[in-house]
Every structure is written in C-alpha cells, then in structure tokens.
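As provided, structure_5.tsv (TSV, N, CA and C atoms) reads as follows.
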```
chain	number	residue	atom	x	y	z
A	152	MET	N	-15.17	38.54	87.01
A	152	MET	CA	-15.51	37.13	87.03
A	152	MET	C	-15.18	36.51	85.67
A	153	VAL	N	-14.64	35.35	85.72
A	153	VAL	CA	-14.26	34.63	84.51
A	153	VAL	C	-15.51	33.98	83.91
A	154	LYS	N	-15.65	34.11	82.59
A	154	LYS	CA	-16.78	33.49	81.90
A	154	LYS	C	-16.24	32.44	80.94
A	155	LYS	N	-17.03	31.42	80.71
A	155	LYS	CA	-16.63	30.34	79.81
A	155	LYS	C	-16.34	30.87	78.42
A	156	ILE	N	-17.15	31.80	77.94
A	156	ILE	CA	-16.96	32.32	76.59
A	156	ILE	C	-15.63	33.03	76.45
A	157	ASP	N	-15.17	33.70	77.52
A	157	ASP	CA	-13.86	34.36	77.47
A	157	ASP	C	-12.74	33.35	77.28
A	158	ILE	N	-12.87	32.21	77.95
A	158	ILE	CA	-11.87	31.15	77.82
A	158	ILE	C	-11.90	30.58	76.40
A	159	LEU	N	-13.10	30.31	75.90
A	159	LEU	CA	-13.23	29.76	74.55
A	159	LEU	C	-12.69	30.72	73.50
A	160	ASN	N	-13.00	31.98	73.63
A	160	ASN	CA	-12.53	32.96	72.66
A	160	ASN	C	-11.01	33.10	72.69
A	161	PHE	N	-10.40	32.95	73.86
A	161	PHE	CA	-8.94	33.02	73.95
A	161	PHE	C	-8.30	31.81	73.28
A	162	ILE	N	-8.86	30.64	73.52
A	162	ILE	CA	-8.25	29.42	72.99
A	162	ILE	C	-8.29	29.41	71.47
A	163	THR	N	-9.38	29.86	70.89
A	163	THR	CA	-9.49	29.74	69.45
A	163	THR	C	-10.21	30.92	68.82
A	164	ASP	N	-9.86	31.17	67.60
A	164	ASP	CA	-10.57	32.11	66.74
A	164	ASP	C	-10.88	31.29	65.49
A	165	PHE	N	-12.13	30.97	65.28
A	165	PHE	CA	-12.49	30.04	64.22
A	165	PHE	C	-12.07	30.50	62.83
A	166	ARG	N	-11.86	31.79	62.64
A	166	ARG	CA	-11.41	32.26	61.33
A	166	ARG	C	-9.89	32.16	61.18
A	167	LYS	N	-9.17	32.45	62.25
A	167	LYS	CA	-7.70	32.50	62.16
A	167	LYS	C	-7.03	31.22	62.63
A	168	ALA	N	-7.51	30.65	63.72
A	168	ALA	CA	-6.84	29.48	64.29
A	168	ALA	C	-7.87	28.50	64.86
A	169	PRO	N	-8.62	27.83	64.01
A	169	PRO	CA	-9.69	26.96	64.51
A	169	PRO	C	-9.22	25.76	65.32
A	170	ASN	N	-7.98	25.34	65.15
A	170	ASN	CA	-7.48	24.18	65.89
A	170	ASN	C	-6.42	24.55	66.91
A	171	ALA	N	-6.45	25.78	67.39
A	171	ALA	CA	-5.45	26.25	68.35
A	171	ALA	C	-5.53	25.46	69.65
A	172	ILE	N	-4.37	25.32	70.27
A	172	ILE	CA	-4.26	24.63	71.55
A	172	ILE	C	-3.54	25.57	72.50
A	173	LYS	N	-4.12	25.76	73.68
A	173	LYS	CA	-3.52	26.64	74.69
A	173	LYS	C	-3.28	25.83	75.96
A	174	THR	N	-2.13	26.06	76.58
A	174	THR	CA	-1.81	25.37	77.82
A	174	THR	C	-2.58	26.00	78.97
A	175	LEU	N	-2.66	25.27	80.06
A	175	LEU	CA	-3.34	25.75	81.25
A	175	LEU	C	-2.69	27.03	81.75
A	176	SER	N	-1.38	27.11	81.73
A	176	SER	CA	-0.69	28.31	82.20
A	176	SER	C	-0.99	29.51	81.31
A	177	GLU	N	-1.10	29.30	79.99
A	177	GLU	CA	-1.45	30.39	79.08
A	177	GLU	C	-2.86	30.89	79.37
A	178	ILE	N	-3.77	29.98	79.64
A	178	ILE	CA	-5.15	30.36	79.95
A	178	ILE	C	-5.19	31.14	81.27
A	179	LYS	N	-4.49	30.64	82.28
A	179	LYS	CA	-4.47	31.33	83.58
A	179	LYS	C	-3.93	32.75	83.44
A	180	THR	N	-2.86	32.90	82.69
A	180	THR	CA	-2.25	34.21	82.50
A	180	THR	C	-3.21	35.15	81.77
A	181	HIS	N	-3.86	34.66	80.73
A	181	HIS	CA	-4.75	35.50	79.93
A	181	HIS	C	-5.98	35.97	80.71
A	182	VAL	N	-6.65	35.05	81.39
A	182	VAL	CA	-7.87	35.43	82.09
A	182	VAL	C	-7.58	36.09	83.43
A	183	GLY	N	-6.37	35.97	83.92
A	183	GLY	CA	-5.97	36.64	85.16
A	183	GLY	C	-6.76	36.18	86.37
A	184	VAL	N	-7.04	34.91	86.40
A	184	VAL	CA	-7.83	34.37	87.51
A	184	VAL	C	-6.92	34.09	88.71
A	185	ALA	N	-7.38	34.51	89.88
A	185	ALA	CA	-6.62	34.27	91.10
A	185	ALA	C	-6.98	32.91	91.69
A	186	ASP	N	-8.20	32.47	91.46
A	186	ASP	CA	-8.69	31.21	92.00
A	186	ASP	C	-8.56	30.12	90.94
A	187	GLU	N	-7.49	29.35	91.04
A	187	GLU	CA	-7.23	28.29	90.06
A	187	GLU	C	-8.31	27.21	90.11
A	188	GLU	N	-8.88	26.97	91.28
A	188	GLU	CA	-9.93	25.96	91.41
A	188	GLU	C	-11.15	26.33	90.57
A	189	LEU	N	-11.49	27.61	90.55
A	189	LEU	CA	-12.62	28.08	89.75
A	189	LEU	C	-12.35	27.84	88.27
A	190	LEU	N	-11.15	28.16	87.83
A	190	LEU	CA	-10.78	27.96	86.43
A	190	LEU	C	-10.84	26.48	86.07
A	191	LEU	N	-10.29	25.63	86.90
A	191	LEU	CA	-10.32	24.19	86.64
A	191	LEU	C	-11.75	23.66	86.61
A	192	LYS	N	-12.62	24.20	87.47
A	192	LYS	CA	-14.03	23.80	87.48
A	192	LYS	C	-14.69	24.17	86.16
A	193	LEU	N	-14.44	25.38	85.67
A	193	LEU	CA	-15.02	25.81	84.40
A	193	LEU	C	-14.51	24.95	83.24
A	194	LEU	N	-13.22	24.66	83.24
A	194	LEU	CA	-12.65	23.83	82.19
A	194	LEU	C	-13.23	22.42	82.23
A	195	THR	N	-13.42	21.88	83.42
A	195	THR	CA	-14.01	20.55	83.57
A	195	THR	C	-15.45	20.53	83.06
A	196	GLU	N	-16.21	21.58	83.40
A	196	GLU	CA	-17.60	21.65	82.92
A	196	GLU	C	-17.63	21.69	81.39
A	197	MET	N	-16.73	22.44	80.79
A	197	MET	CA	-16.71	22.53	79.33
A	197	MET	C	-16.27	21.21	78.70
A	198	GLN	N	-15.42	20.46	79.39
A	198	GLN	CA	-15.04	19.13	78.89
A	198	GLN	C	-16.23	18.19	78.96
A	199	GLN	N	-17.01	18.26	80.02
A	199	GLN	CA	-18.17	17.39	80.17
A	199	GLN	C	-19.23	17.71	79.12
A	200	MET	N	-19.30	18.97	78.70
A	200	MET	CA	-20.25	19.37	77.66
A	200	MET	C	-19.69	19.10	76.27
A	201	ARG	N	-18.49	18.56	76.21
A	201	ARG	CA	-17.79	18.25	74.96
A	201	ARG	C	-17.48	19.49	74.12
A	202	THR	N	-17.29	20.61	74.82
A	202	THR	CA	-16.89	21.85	74.16
A	202	THR	C	-15.38	21.92	74.05
A	203	LEU	N	-14.71	21.41	75.07
A	203	LEU	CA	-13.24	21.38	75.11
A	203	LEU	C	-12.77	19.95	75.22
A	204	ARG	N	-11.55	19.75	74.77
A	204	ARG	CA	-10.92	18.46	75.06
A	204	ARG	C	-9.52	18.75	75.59
A	205	GLU	N	-9.10	17.89	76.51
A	205	GLU	CA	-7.79	18.04	77.12
A	205	GLU	C	-6.77	17.32	76.25
A	206	VAL	N	-5.68	18.01	75.95
A	206	VAL	CA	-4.59	17.44	75.17
A	206	VAL	C	-3.29	17.77	75.88
A	207	GLU	N	-2.20	17.34	75.30
A	207	GLU	CA	-0.88	17.65	75.87
A	207	GLU	C	-0.10	18.47	74.86
A	208	LYS	N	0.52	19.53	75.35
A	208	LYS	CA	1.34	20.40	74.50
A	208	LYS	C	2.64	20.68	75.24
A	209	ASP	N	3.73	20.29	74.65
A	209	ASP	CA	5.05	20.48	75.26
A	209	ASP	C	5.12	19.92	76.68
A	210	GLY	N	4.48	18.78	76.90
A	210	GLY	CA	4.51	18.13	78.20
A	210	GLY	C	3.60	18.76	79.24
A	211	GLN	N	2.77	19.70	78.84
A	211	GLN	CA	1.87	20.37	79.78
A	211	GLN	C	0.42	20.06	79.42
A	212	LYS	N	-0.45	20.19	80.42
A	212	LYS	CA	-1.88	20.04	80.18
A	212	LYS	C	-2.34	21.22	79.33
A	213	ALA	N	-3.07	20.92	78.27
A	213	ALA	CA	-3.55	21.96	77.36
A	213	ALA	C	-4.97	21.64	76.94
A	214	TYR	N	-5.60	22.63	76.29
A	214	TYR	CA	-7.00	22.48	75.90
A	214	TYR	C	-7.20	22.94	74.46
A	215	GLN	N	-8.14	22.27	73.79
A	215	GLN	CA	-8.50	22.61	72.42
A	215	GLN	C	-10.03	22.64	72.34
A	216	VAL	N	-10.55	23.63	71.65
A	216	VAL	CA	-12.00	23.76	71.49
A	216	VAL	C	-12.44	22.77	70.41
A	217	THR	N	-13.48	22.00	70.74
A	217	THR	CA	-14.02	21.03	69.78
A	217	THR	C	-15.34	21.51	69.20
A	218	ALA	N	-16.06	22.38	69.92
A	218	ALA	CA	-17.34	22.93	69.45
A	218	ALA	C	-17.57	24.24	70.17
A	219	LYS	N	-18.22	25.16	69.48
A	219	LYS	CA	-18.47	26.45	70.12
A	219	LYS	C	-19.93	26.80	70.02
```

Starting from the file, give its structure as structure tokens.
Amino acid sequence: MVKKIDILNFITDFRKAPNAIKTLSEIKTHVGVADEELLLKLLTEMQQMRTLREVEKDGQKAYQVTAK
C-alpha cells in the first residue's frame, strides 16, 4: 500500500534537495502503484493540507513539497 510519507520522501530530501520537483510519471514509477486514482487521491489530499503544491516541469504535471 502506498503511504503519503513514501511519496513525500521520494519527492524531496530536505538535506540534499529541499526544493526538488518530481513529475507525476516519476512518482508513479517510483511508488509502483497500479491504481492511479489512489495516487491522485493521495496527492490531492496532500495539496489540500498544503504539504504539496502542483507545479509544471517540462510541460508535465509535477509536485513540490512545501512542508513536511
């Protein structure tokens, strides 16, 4: 099962890359989720909690951690 903390840890490492941005496809590949709807639901919940913000990277939907 995919956990929010796994997604957050993949997107950023506060010591090495605190402002890292990962695309949706990179996140899907890393967490290996088969159910894209579940992943999108988790990402949406984290956006509502102001933990993530949606940005654009190379013309794709991407995410950046704003608080952990």

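Comparing A:Pro169, A:Lys212, A:Val206, A:Asp164 by their smallest distance to Leu191 (chain A), the closest is A:Lys212 (using only C-alpha atoms).
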
Exercise: Arg204 (chain A) partners within 6.5 Å, all atoms listed in the file, chain neighbours under 4 positions left out, as an MDAnalysis selection string
chainID A and resid 197:198 213:217

Using atom N of Glu177 (chain A) and CA of Lys154 (chain A) as the two end points, give the distance in Å to one decimal.
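Distance reported for this atom pair: 16.3 Å.
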
Quick one, how far is CA of Ile178 (chain A) from CA of Leu190 (chain A)?
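Here the two named atoms are 8.9 Å from each other.
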
Hey, can you check how far CA of Phe161 (chain A) sits from CA of Leu203 (chain A)?
12.5 Å

Ile158 (chain A): which residues within 8 Å, counting only N, CA and C atoms, same-chain residues fewer than 5 positions away excluded, as an NGL selection string?
:A and (153 or 163 or 178 or 182)

As AutoDock Vina command-line options, please: the centre and edge lengths in Å, to one decimal, of an axis-aligned box enclosing every listed atom of region 193-204 of chain A with 3 Å added on each side.
```
--center_x -14.9 --center_y 21.6 --center_z 79.9 --size_x 16.7 --size_y 14.4 --size_z 17.6
```

Could you pull out the residues in chain A that DSSP calls strand (DSSP E or B) from the backbone, as a PyMOL selection string?
chain A and resi 164+168+172-174+203-208+211-216

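Proximity to Lys155 (chain A) was assessed for A:Ile172, A:Leu194, A:Ala218, A:Val184 counting only N, CA and C atoms; the smallest distance is recorded for A:Leu194.
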
Give me every alpha helix (DSSP H) residue in chain A, going by DSSP on the backbone, as a PyMOL selection string.
chain A and resi 155-162+175-182+187-199
